[in-house]
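J.: What follows is upload.tsv; its format and atoms are TSV, C-alpha atoms.
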```tsv
chain	number	residue	atom	x	y	z
Y	1	MET	CA	58.55	98.27	87.53
Y	2	ARG	CA	56.37	101.11	88.78
Y	3	CYS	CA	57.39	104.74	88.38
Y	4	GLY	CA	57.75	105.22	92.16
Y	5	MET	CA	60.30	102.43	92.46
Y	6	ALA	CA	62.13	103.55	89.31
Y	7	ARG	CA	62.46	107.09	90.74
Y	8	LYS	CA	63.70	105.78	94.08
Y	9	ARG	CA	66.35	103.81	92.21
Y	10	LEU	CA	67.28	106.82	90.08
Y	11	SER	CA	67.94	108.68	93.34
Y	12	ASP	CA	70.12	105.79	94.58
Y	13	GLU	CA	71.98	105.79	91.28
Y	14	LEU	CA	72.83	109.50	91.62
Y	15	ASP	CA	74.34	108.74	95.04
Y	16	GLY	CA	76.29	105.74	93.73
Y	17	ALA	CA	74.16	103.46	95.89
Y	18	LEU	CA	72.27	101.50	93.22
Y	19	ARG	CA	73.09	97.79	93.20
Y	20	PRO	CA	74.50	96.82	89.80
Y	21	GLY	CA	71.85	94.13	89.29
Y	22	ARG	CA	69.08	96.73	89.48
Y	23	LYS	CA	70.36	99.04	86.77
Y	24	PRO	CA	69.00	97.10	83.74
Y	25	GLY	CA	65.47	97.18	85.19
Y	26	VAL	CA	65.66	100.96	85.67
Y	27	GLU	CA	66.99	101.46	82.16
Y	28	ALA	CA	64.23	99.32	80.67
Y	29	HIS	CA	61.64	101.37	82.57
Y	30	LEU	CA	63.18	104.63	81.36
Y	31	ARG	CA	63.02	103.47	77.73
Y	32	ALA	CA	59.29	102.98	78.12
Y	33	CYS	CA	58.39	105.93	80.40
Y	34	ALA	CA	58.75	109.52	79.19
Y	35	ALA	CA	57.66	110.96	82.57
Y	36	CYS	CA	60.49	109.16	84.39
Y	37	ARG	CA	63.00	110.26	81.73
Y	38	SER	CA	61.93	113.83	82.36
Y	39	TYR	CA	62.17	113.23	86.13
Y	40	ARG	CA	65.72	111.88	85.70
Y	41	ASP	CA	66.75	114.97	83.70
Y	42	GLY	CA	65.32	117.20	86.42
Y	43	LEU	CA	67.26	115.31	89.08
Y	44	ALA	CA	70.48	115.75	87.11
Y	45	ARG	CA	69.88	119.51	86.84
Y	46	ILE	CA	69.18	119.83	90.55
Y	47	GLN	CA	72.26	117.76	91.39
Y	48	ALA	CA	74.47	119.93	89.17
Y	49	GLY	CA	73.02	123.19	90.48
Y	50	ALA	CA	73.09	122.22	94.14
Y	51	ALA	CA	76.84	122.48	94.63
Y	52	LEU	CA	77.72	124.95	97.37
Y	53	ARG	CA	80.50	127.31	96.42
Y	54	ASP	CA	82.98	128.67	98.91
Y	55	THR	CA	82.47	132.39	98.46
Y	56	ARG	CA	84.62	133.43	101.42
Y	57	PRO	CA	88.01	135.04	100.72
Y	58	PRO	CA	91.19	133.55	102.26
Y	59	GLU	CA	91.25	136.39	104.84
Y	60	PHE	CA	87.95	135.12	106.20
Y	61	TRP	CA	89.44	131.69	106.93
Y	62	ALA	CA	92.51	133.23	108.56
Y	63	ALA	CA	90.24	135.24	110.89
Y	64	PHE	CA	88.10	132.14	111.48
Y	65	GLU	CA	91.16	130.18	112.61
Y	66	ARG	CA	92.35	133.02	114.88
Y	67	ASP	CA	88.94	133.26	116.58
Y	68	LEU	CA	88.78	129.52	116.99
Y	69	GLY	CA	92.29	129.40	118.45
Y	70	ALA	CA	91.31	131.94	121.11
Y	71	LYS	CA	88.17	129.97	121.95
Y	72	LEU	CA	90.16	126.73	122.26
Y	73	VAL	CA	92.45	128.34	124.81
Y	74	ALA	CA	89.48	129.66	126.76
Y	75	ALA	CA	87.82	126.23	126.69
Y	76	GLU	CA	90.87	124.43	128.11
Y	77	LYS	CA	89.25	124.09	131.55
Y	78	ASP	CA	85.99	122.68	130.16
Y	79	ARG	CA	87.94	120.22	128.09
Y	80	ARG	CA	89.65	118.77	131.17
Y	81	THR	CA	86.21	118.39	132.69
Y	82	VAL	CA	85.15	116.34	129.71
Y	83	LEU	CA	88.20	114.11	129.96
Y	84	ASP	CA	87.62	113.55	133.68
Y	85	PRO	CA	83.86	113.93	133.93
Y	86	VAL	CA	83.33	112.09	137.28
Y	87	PRO	CA	84.71	113.77	140.43
Y	88	SER	CA	86.97	111.52	142.52
Y	89	ARG	CA	84.61	111.59	145.54
Y	90	LEU	CA	81.74	110.31	143.42
Y	91	ARG	CA	83.98	107.65	141.93
Y	92	LEU	CA	85.00	106.46	145.43
Y	93	ALA	CA	81.36	106.38	146.53
Y	94	ALA	CA	80.42	104.34	143.45
Y	95	LEU	CA	83.27	101.90	144.11
Y	96	ALA	CA	82.26	101.50	147.78
Y	97	ALA	CA	78.64	100.85	146.77
Y	98	ALA	CA	79.74	98.26	144.20
Y	99	ALA	CA	81.97	96.54	146.80
Y	100	ALA	CA	79.10	96.43	149.32
Y	101	VAL	CA	76.80	94.84	146.75
Y	102	LEU	CA	79.47	92.25	145.89
Y	103	VAL	CA	80.07	91.33	149.55
Y	104	GLY	CA	76.31	91.06	150.14
Y	105	PHE	CA	75.93	88.76	147.16
Y	106	ALA	CA	78.87	86.60	148.28
Y	107	VAL	CA	77.36	86.19	151.77
Y	108	TRP	CA	73.95	85.32	150.34
Y	109	TYR	CA	75.50	82.82	147.95
Y	110	ALA	CA	77.56	81.11	150.66
Y	111	LEU	CA	74.89	80.90	153.36
Y	112	LEU	CA	71.39	81.46	152.11
Y	113	ARG	CA	71.14	80.40	148.50
Y	114	PRO	CA	68.35	77.84	147.92
Y	115	GLY	CA	69.38	74.25	147.34
Y	116	THR	CA	72.23	74.09	149.86
Y	117	ALA	CA	70.38	71.81	152.28
Y	118	VAL	CA	69.23	69.48	149.53
Y	119	THR	CA	72.77	69.07	148.22
Y	120	GLU	CA	74.19	68.39	151.67
Y	121	ALA	CA	71.47	65.82	152.44
Y	122	TRP	CA	71.84	64.09	149.11
Y	123	VAL	CA	75.58	63.42	149.20
Y	124	PRO	CA	75.56	60.72	151.98
Y	125	TYR	CA	72.84	58.74	150.13
Y	126	GLU	CA	75.06	58.59	147.07
Y	127	ASP	CA	77.93	57.41	149.26
Y	128	VAL	CA	75.77	54.61	150.66
Y	129	LEU	CA	74.16	53.57	147.39
Y	130	ASP	CA	77.31	53.25	145.28
Y	131	PRO	CA	78.84	50.30	147.26
Y	132	LEU	CA	75.42	48.57	147.32
Y	133	VAL	CA	75.08	48.86	143.54
Y	134	GLU	CA	78.62	47.54	143.08
Y	135	ALA	CA	77.91	44.60	145.41
Y	136	ALA	CA	74.64	43.80	143.59
Y	137	GLU	CA	76.43	43.82	140.24
Y	138	ALA	CA	79.12	41.48	141.59
Y	139	SER	CA	76.76	38.91	143.15
Y	140	PRO	CA	73.28	37.79	141.93
Y	141	GLU	CA	72.38	36.59	145.44
Y	142	ILE	CA	73.06	39.97	146.97
Y	143	ALA	CA	71.17	41.55	144.06
Y	144	ALA	CA	68.12	39.33	144.81
Y	145	LEU	CA	68.35	40.22	148.49
Y	146	ILE	CA	68.50	43.93	147.78
Y	147	ASP	CA	65.63	43.60	145.29
Y	148	LYS	CA	63.52	41.91	147.96
Y	149	GLU	CA	64.32	44.63	150.49
Y	150	ILE	CA	63.45	47.37	148.01
Y	151	ARG	CA	60.10	45.76	147.14
Y	152	ALA	CA	59.27	45.36	150.84
Y	153	SER	CA	60.12	49.02	151.54
Y	154	ILE	CA	57.98	50.14	148.58
Y	155	GLU	CA	55.04	48.14	149.92
Y	156	GLU	CA	55.56	49.68	153.34
Y	157	MET	CA	55.52	53.17	151.89
Y	158	THR	CA	52.45	52.65	149.67
Y	159	PRO	CA	49.36	53.97	151.54
Y	160	VAL	CA	46.55	51.48	152.02
Y	161	PRO	CA	43.30	52.86	150.49
Y	162	ASP	CA	40.76	53.71	153.14
Y	163	THR	CA	37.66	52.20	151.54
Y	164	ASP	CA	35.43	53.39	154.36
Y	165	ALA	CA	36.56	56.99	153.90
Y	166	VAL	CA	35.92	56.86	150.12
Y	167	ALA	CA	32.47	55.43	150.69
Y	168	LEU	CA	31.79	58.11	153.29
Y	169	ASP	CA	32.91	60.89	150.95
Y	170	ALA	CA	30.82	59.52	148.11
Y	171	ALA	CA	27.76	59.47	150.34
Y	172	ASP	CA	28.14	63.20	151.03
Y	173	PRO	CA	26.16	65.23	148.40
Y	174	LEU	CA	28.75	68.01	148.63
Y	175	PHE	CA	31.43	65.55	147.42
Y	176	TRP	CA	29.73	65.32	144.04
Y	177	GLU	CA	28.99	69.02	143.85
Y	178	GLY	CA	32.65	69.82	144.29
Y	179	LEU	CA	33.65	67.82	141.20
Y	180	SER	CA	33.92	69.34	137.74
Y	181	ASP	CA	31.90	67.91	134.86
Y	182	ASP	CA	34.95	66.04	133.52
Y	183	GLU	CA	35.76	64.57	136.93
Y	184	LEU	CA	32.14	63.59	137.39
Y	185	GLN	CA	32.04	61.91	134.00
Y	186	ALA	CA	35.28	60.05	134.79
Y	187	VAL	CA	33.81	58.73	138.03
Y	188	VAL	CA	30.61	57.70	136.28
Y	189	THR	CA	32.52	55.83	133.59
Y	190	GLU	CA	34.69	54.09	136.19
Y	191	LEU	CA	31.63	53.04	138.22
Y	192	GLU	CA	29.91	51.72	135.11
Y	193	ASN	CA	33.00	49.72	134.18
Y	194	GLU	CA	33.43	48.27	137.66
Y	195	THR	CA	29.84	47.60	138.65
Y	196	GLY	CA	27.89	47.64	135.44
Y	197	ARG	CA	25.67	50.30	137.04
Y	198	GLY	CA	25.63	54.02	136.51
Y	199	GLY	CA	26.49	56.56	139.19
Y	200	PRO	CA	24.51	59.66	139.97
Y	201	ARG	CA	23.47	61.67	136.87
Q	1	MET	CA	101.54	123.28	106.25
Q	2	ASP	CA	101.45	120.41	108.71
Q	3	GLU	CA	102.00	117.14	106.83
Q	4	ARG	CA	101.30	114.77	109.72
Q	5	PRO	CA	98.67	112.07	109.07
Q	6	GLU	CA	95.25	112.69	110.52
Q	7	GLU	CA	95.36	109.70	112.90
Q	8	LEU	CA	98.49	111.12	114.54
Q	9	LEU	CA	96.91	114.57	114.90
Q	10	VAL	CA	93.80	113.04	116.42
Q	11	GLU	CA	95.88	111.06	118.92
Q	12	GLU	CA	97.82	114.19	119.92
Q	13	ALA	CA	94.63	116.22	120.21
Q	14	ARG	CA	93.16	113.51	122.45
Q	15	LYS	CA	96.14	113.94	124.75
Q	16	GLY	CA	95.53	117.69	124.89
Q	17	GLY	CA	97.51	118.89	121.87
Q	18	ARG	CA	95.82	122.15	120.98
Q	19	GLU	CA	98.02	122.77	117.94
Q	20	ALA	CA	97.19	119.32	116.59
Q	21	PHE	CA	93.49	120.05	117.01
Q	22	ALA	CA	93.86	123.46	115.34
Q	23	GLU	CA	95.43	121.68	112.36
Q	24	LEU	CA	92.53	119.22	112.24
Q	25	ALA	CA	90.15	122.18	112.29
Q	26	ARG	CA	92.05	123.79	109.41
Q	27	ARG	CA	91.67	120.61	107.36
Q	28	HIS	CA	87.93	120.30	107.95
Q	29	GLU	CA	86.74	123.89	108.41
Q	30	ARG	CA	85.33	124.32	104.91
Q	31	ARG	CA	83.37	121.07	105.01
Q	32	VAL	CA	81.96	121.78	108.46
Q	33	HIS	CA	81.09	125.30	107.35
Q	34	GLY	CA	79.36	123.82	104.28
Q	35	VAL	CA	77.13	121.59	106.45
Q	36	ALA	CA	76.37	124.53	108.76
Q	37	MET	CA	75.58	126.76	105.78
Q	38	ARG	CA	73.18	124.22	104.29
Q	39	MET	CA	71.46	123.70	107.63
Q	40	ALA	CA	71.32	127.33	108.81
Q	41	GLY	CA	70.67	128.88	105.42
Q	42	ASN	CA	72.81	131.99	105.84
Q	43	LEU	CA	76.50	132.74	106.11
Q	44	SER	CA	76.38	134.64	109.38
Q	45	ASP	CA	74.76	131.76	111.32
Q	46	ALA	CA	76.96	129.26	109.48
Q	47	ASP	CA	80.10	131.10	110.71
Q	48	ASP	CA	78.93	130.91	114.33
Q	49	LEU	CA	77.82	127.31	113.99
Q	50	ALA	CA	81.13	126.19	112.50
Q	51	GLN	CA	83.01	127.78	115.43
Q	52	GLU	CA	80.66	126.09	117.87
Q	53	VAL	CA	81.13	122.71	116.17
Q	54	PHE	CA	84.92	122.84	116.58
Q	55	LEU	CA	84.64	124.08	120.14
Q	56	THR	CA	82.32	121.20	121.01
Q	57	ALA	CA	84.67	118.75	119.28
Q	58	TRP	CA	87.64	120.12	121.24
Q	59	LYS	CA	85.83	119.73	124.54
Q	60	ALA	CA	84.70	116.21	123.68
Q	61	ILE	CA	87.73	114.84	121.86
Q	62	GLY	CA	88.75	112.92	124.98
Q	63	SER	CA	85.71	110.72	124.41
Q	64	PHE	CA	86.52	110.14	120.72
Q	65	ARG	CA	87.38	106.48	120.19
Q	66	SER	CA	90.61	106.08	118.28
Q	67	GLY	CA	90.09	103.82	115.31
Q	68	SER	CA	86.79	105.46	114.38
Q	69	SER	CA	86.54	107.94	111.56
Q	70	PHE	CA	87.28	111.48	112.75
Q	71	TYR	CA	85.41	113.22	109.95
Q	72	THR	CA	82.28	111.11	110.55
Q	73	TRP	CA	82.44	112.10	114.21
Q	74	LEU	CA	82.94	115.75	113.30
Q	75	TYR	CA	80.05	115.72	110.82
Q	76	ARG	CA	77.87	114.20	113.50
Q	77	ILE	CA	78.67	117.08	115.83
Q	78	ALA	CA	78.02	119.52	112.97
Q	79	VAL	CA	74.59	118.06	112.21
Q	80	ASN	CA	73.59	117.83	115.88
Q	81	THR	CA	74.80	121.37	116.63
Q	82	SER	CA	72.88	122.67	113.62
Q	83	LEU	CA	69.70	120.86	114.65
Q	84	THR	CA	69.98	122.23	118.20
Q	85	PHE	CA	70.57	125.70	116.80
Q	86	LEU	CA	67.54	125.47	114.53
Q	87	LYS	CA	65.38	124.25	117.39
Q	88	LYS	CA	66.60	127.02	119.69
Q	89	ARG	CA	65.88	129.72	117.20
Q	90	SER	CA	62.49	128.24	116.42
Q	91	ARG	CA	63.32	128.50	112.79
Q	92	GLU	CA	61.45	125.34	111.97
Q	93	LYS	CA	58.42	126.44	113.98
Q	94	ASN	CA	58.14	129.78	112.25
Q	95	ARG	CA	59.12	128.54	108.82
Q	96	ALA	CA	56.20	128.09	106.46
Q	97	PRO	CA	55.58	124.39	105.73
Q	98	PHE	CA	56.82	123.04	102.43
Q	99	ASP	CA	54.52	124.25	99.70
Q	100	GLU	CA	55.19	123.11	96.16
Q	101	ASN	CA	52.84	125.80	94.87
Q	102	LEU	CA	54.82	128.60	96.51
Q	103	PRO	CA	55.96	131.05	93.82
Q	104	ILE	CA	59.57	130.42	92.93
Q	105	GLY	CA	60.62	134.00	93.51
Q	106	THR	CA	59.63	133.89	97.18
Q	107	PRO	CA	62.66	133.09	99.32
Q	108	ALA	CA	62.09	130.82	102.30
Q	109	HIS	CA	62.20	132.45	105.73
Q	110	GLY	CA	65.72	133.42	106.75
Q	111	LEU	CA	67.19	132.46	103.43
Q	112	ALA	CA	67.57	135.76	101.66
Q	113	PRO	CA	71.13	135.37	100.34
Q	114	GLY	CA	73.53	138.19	101.10
Q	115	PRO	CA	74.96	140.31	98.28
Q	116	GLU	CA	78.19	138.29	98.19
Q	117	ALA	CA	76.23	135.06	97.84
Q	118	THR	CA	73.91	136.47	95.19
Q	119	SER	CA	76.77	137.67	93.08
Q	120	ALA	CA	78.59	134.37	93.33
Q	121	MET	CA	75.71	132.03	92.62
Q	122	ASN	CA	73.81	131.76	89.41
Q	123	GLU	CA	70.06	131.79	89.44
Q	124	ILE	CA	69.45	128.05	89.50
Q	125	THR	CA	71.78	127.64	92.46
Q	126	VAL	CA	69.83	130.29	94.36
Q	127	ARG	CA	66.51	128.62	93.50
Q	128	ILE	CA	67.79	125.21	94.47
Q	129	GLY	CA	69.25	126.64	97.68
Q	130	GLU	CA	65.84	128.08	98.58
Q	131	ALA	CA	64.12	124.81	97.78
Q	132	VAL	CA	66.61	122.82	99.87
Q	133	MET	CA	66.10	125.23	102.77
Q	134	ALA	CA	62.37	124.52	102.58
Q	135	LEU	CA	62.96	120.78	103.05
Q	136	PRO	CA	62.25	119.19	106.44
Q	137	VAL	CA	65.44	119.34	108.53
Q	138	HIS	CA	66.23	115.62	108.47
Q	139	PHE	CA	65.93	115.53	104.69
Q	140	ARG	CA	68.10	118.62	104.52
Q	141	ALA	CA	70.76	117.01	106.73
Q	142	ALA	CA	70.84	113.93	104.48
Q	143	PHE	CA	71.04	116.18	101.41
Q	144	ALA	CA	73.89	118.21	102.92
Q	145	LEU	CA	75.92	115.08	103.67
Q	146	VAL	CA	75.24	113.08	100.51
Q	147	VAL	CA	75.02	115.75	97.81
Q	148	ASP	CA	77.14	118.58	99.21
Q	149	GLN	CA	79.76	116.54	101.04
Q	150	GLY	CA	79.70	113.47	98.79
Q	151	LEU	CA	79.28	110.97	101.62
Q	152	SER	CA	78.07	107.47	100.79
Q	153	HIS	CA	74.72	106.37	102.20
Q	154	ALA	CA	76.64	104.19	104.67
Q	155	ASP	CA	78.75	107.08	105.99
Q	156	ALA	CA	75.76	109.43	106.10
Q	157	ALA	CA	73.86	106.79	108.04
Q	158	ARG	CA	76.69	106.63	110.59
Q	159	VAL	CA	76.64	110.41	110.94
Q	160	LEU	CA	72.86	110.63	111.25
Q	161	GLY	CA	72.54	107.58	113.47
Q	162	CYS	CA	70.07	105.79	111.20
Q	163	SER	CA	70.12	102.95	108.67
Q	164	GLU	CA	71.42	103.19	105.09
Q	165	ASN	CA	67.91	102.45	103.90
Q	166	THR	CA	66.59	105.46	105.83
Q	167	VAL	CA	69.18	107.70	104.17
Q	168	SER	CA	68.21	106.29	100.78
Q	169	TRP	CA	64.50	107.04	101.38
Q	170	ARG	CA	65.21	110.50	102.77
Q	171	MET	CA	67.24	111.34	99.66
Q	172	HIS	CA	64.51	110.02	97.38
Q	173	LYS	CA	61.81	112.01	99.18
Q	174	ALA	CA	63.98	115.13	99.31
Q	175	ARG	CA	64.53	114.93	95.55
Q	176	LYS	CA	60.83	114.38	94.94
Q	177	LEU	CA	60.00	117.50	96.96
Q	178	LEU	CA	62.70	119.49	95.17
Q	179	GLN	CA	61.39	118.38	91.78
Q	180	ALA	CA	57.88	119.36	92.76
Q	181	ARG	CA	58.96	122.79	93.92
Q	182	LEU	CA	61.36	123.48	91.06
Q	183	LYS	CA	59.20	121.95	88.32
Q	184	PRO	CA	58.11	125.24	86.68
Q	185	TYR	CA	61.67	126.51	86.68
Q	186	LEU	CA	63.14	123.25	85.36
Q	187	GLU	CA	60.58	123.20	82.54
Q	188	GLU	CA	61.47	126.79	81.68
Q	189	VAL	CA	65.15	125.88	81.48
Q	190	ARG	CA	64.38	122.85	79.33
Q	191	SER	CA	62.28	124.86	76.85
```
Would you mind writing the file out in structure tokens?
T.:
Amino acid sequence: MRCGMARKRLSDELDGALRPGRKPGVEAHLRACAACRSYRDGLARIQAGAALRDTRPPEFWAAFERDLGAKLVAAEKDRRTVLDPVPSRLRLAALAAAAAVLVGFAVWYALLRPGTAVTEAWVPYEDVLDPLVEAAEASPEIAALIDKEIRASIEEMTPVPDTDAVALDAADPLFWEGLSDDELQAVVTELENETGRGGPR
Amino acid sequence: MDERPEELLVEEARKGGREAFAELARRHERRVHGVAMRMAGNLSDADDLAQEVFLTAWKAIGSFRSGSSFYTWLYRIAVNTSLTFLKKRSREKNRAPFDENLPIGTPAHGLAPGPEATSAMNEITVRIGEAVMALPVHFRAAFALVVDQGLSHADAARVLGCSENTVSWRMHKARKLLQARLKPYLEEVRS
């Protein structure tokens, strides 16, 4: 243990704040360090000599209490102010402002909050889908029928690639300039894989 | 002598009981005066400060939370009032910075003890008092609470509004500064 830490712990010990587990380490250090033993003796002398003594006679305290009593009476008005620090008008104004904010929030929440339309639109779909799912689970034929309908609707929704448009875009030099290096490399690799020929380099 | 428990007196004082508060003041006046004395460094200012502490406490007792420790609350007012006082009087600004080489016989600014104090204190107490007065104010506040008033680091931390560890370090540094300043005198006593 270093002297600095030992002295910090000596200070804690004087204040009754040294953890019991740390005492043996401090004692071992003191056995080996004359400077810290001298420091500890100095601390003990300071501690003993620091005590403040009440040098005032009893008459002083009697006068002190009389003076204080008079000041307490005089401060009665201020004290009430402390107990009731906010004037009633201000309190009413604060309450009215808080109520206005609450009403505003309630209106916003009921009418304008985001997500309302989505929720309302979503509910009927659930109502329609649930009986269909139940029917499909009950009958394999109905399930096959529904499956067919779903596949057909997916095909209908899938956009058909416009090969002419892609070819047209690729012919435009600006199309290639607008691509990043990674995108360009990805296109090149794809072209090489598909055609066995390289794209523009 | 009023024998009522402190909690009851505090509750009555909170409701406006001036007599109950006066009794609380009687019970704590010496301790509060001790803190004020250590912080201000002279009896005259300590007298005024102690009065001001109780007056502030009386005005604010409505905000005191029952269940907390009254003396911790009172000490907090005492320390804060003392710090405000010291700031107002620019004592800290005008006071010479801590100098461990300052001759021991030179009293710190504003610390010359009155005749009553000189006669009552022995020499080492006077020297230590001067050295404590030369400490930075936050170290002095910790010293006043822990050494003079016997508060634990935990209670002193509550009063000062800092951590226990901070109190521990302030005490250590305060003692180091005191040792440095009092070293020649302590060696003389030892020899």
J.: Taking all atoms listed in the file into account, which of Y:Gly25, Y:Gly104, Y:Pro131, Y:Gly69 comes nearest chain Q?
T.: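 Looking at the shortest contact to chain Q, the residue is Y:Gly69.
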J.: Calculated over all atoms listed in the file, which of the candidates Q:Asp148, Q:Glu6, Q:Glu23, Q:Glu11 has the smallest distance to chain Y?
T.: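 Among Q:Asp148, Q:Glu6, Q:Glu23, Q:Glu11, it is Q:Asp148 that comes nearest to chain Y.
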J.: When you get a sec, could you note down which chain Y residues fall within 10 Å of chain Q, using all atoms listed in the file, as a PyMOL selection string?
T.: chain Y and resi 4-5+7-12+14-18+38-43+45-56+60-62+64-69+71-84
J.: Would you kindly return, as a list in words, each protein, DNA or RNA residue with an atom no farther than 7 Å from any atom of region 72-83 of chain Q, considering only C-alpha atoms and excluding same-chain residues fewer than 3 positions away?
T.: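 Those residues are Val32, Val35, Ala36, Met39, Ala40, Leu49, Val53, Ala57, Ser69, Leu86, Lys87, Ala141, Val159 and Leu160 of chain Q.
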J.: Measure the distance from CA of Lys23 (chain Y) to CA of Met1 (chain Y) in Å and round it to one decimal.
T.: 11.9 Å
J.: Please compute the CA of Ser66 (chain Q)-CA of Leu9 (chain Q) distance, one decimal, in Å.
T.: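 Those two atoms sit 11.1 Å apart.
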J.: When you draw a straight line from CA of Pro24 (chain Y) to CA of Asn165 (chain Q), how long is it in Å?
T.: 20.9 Å
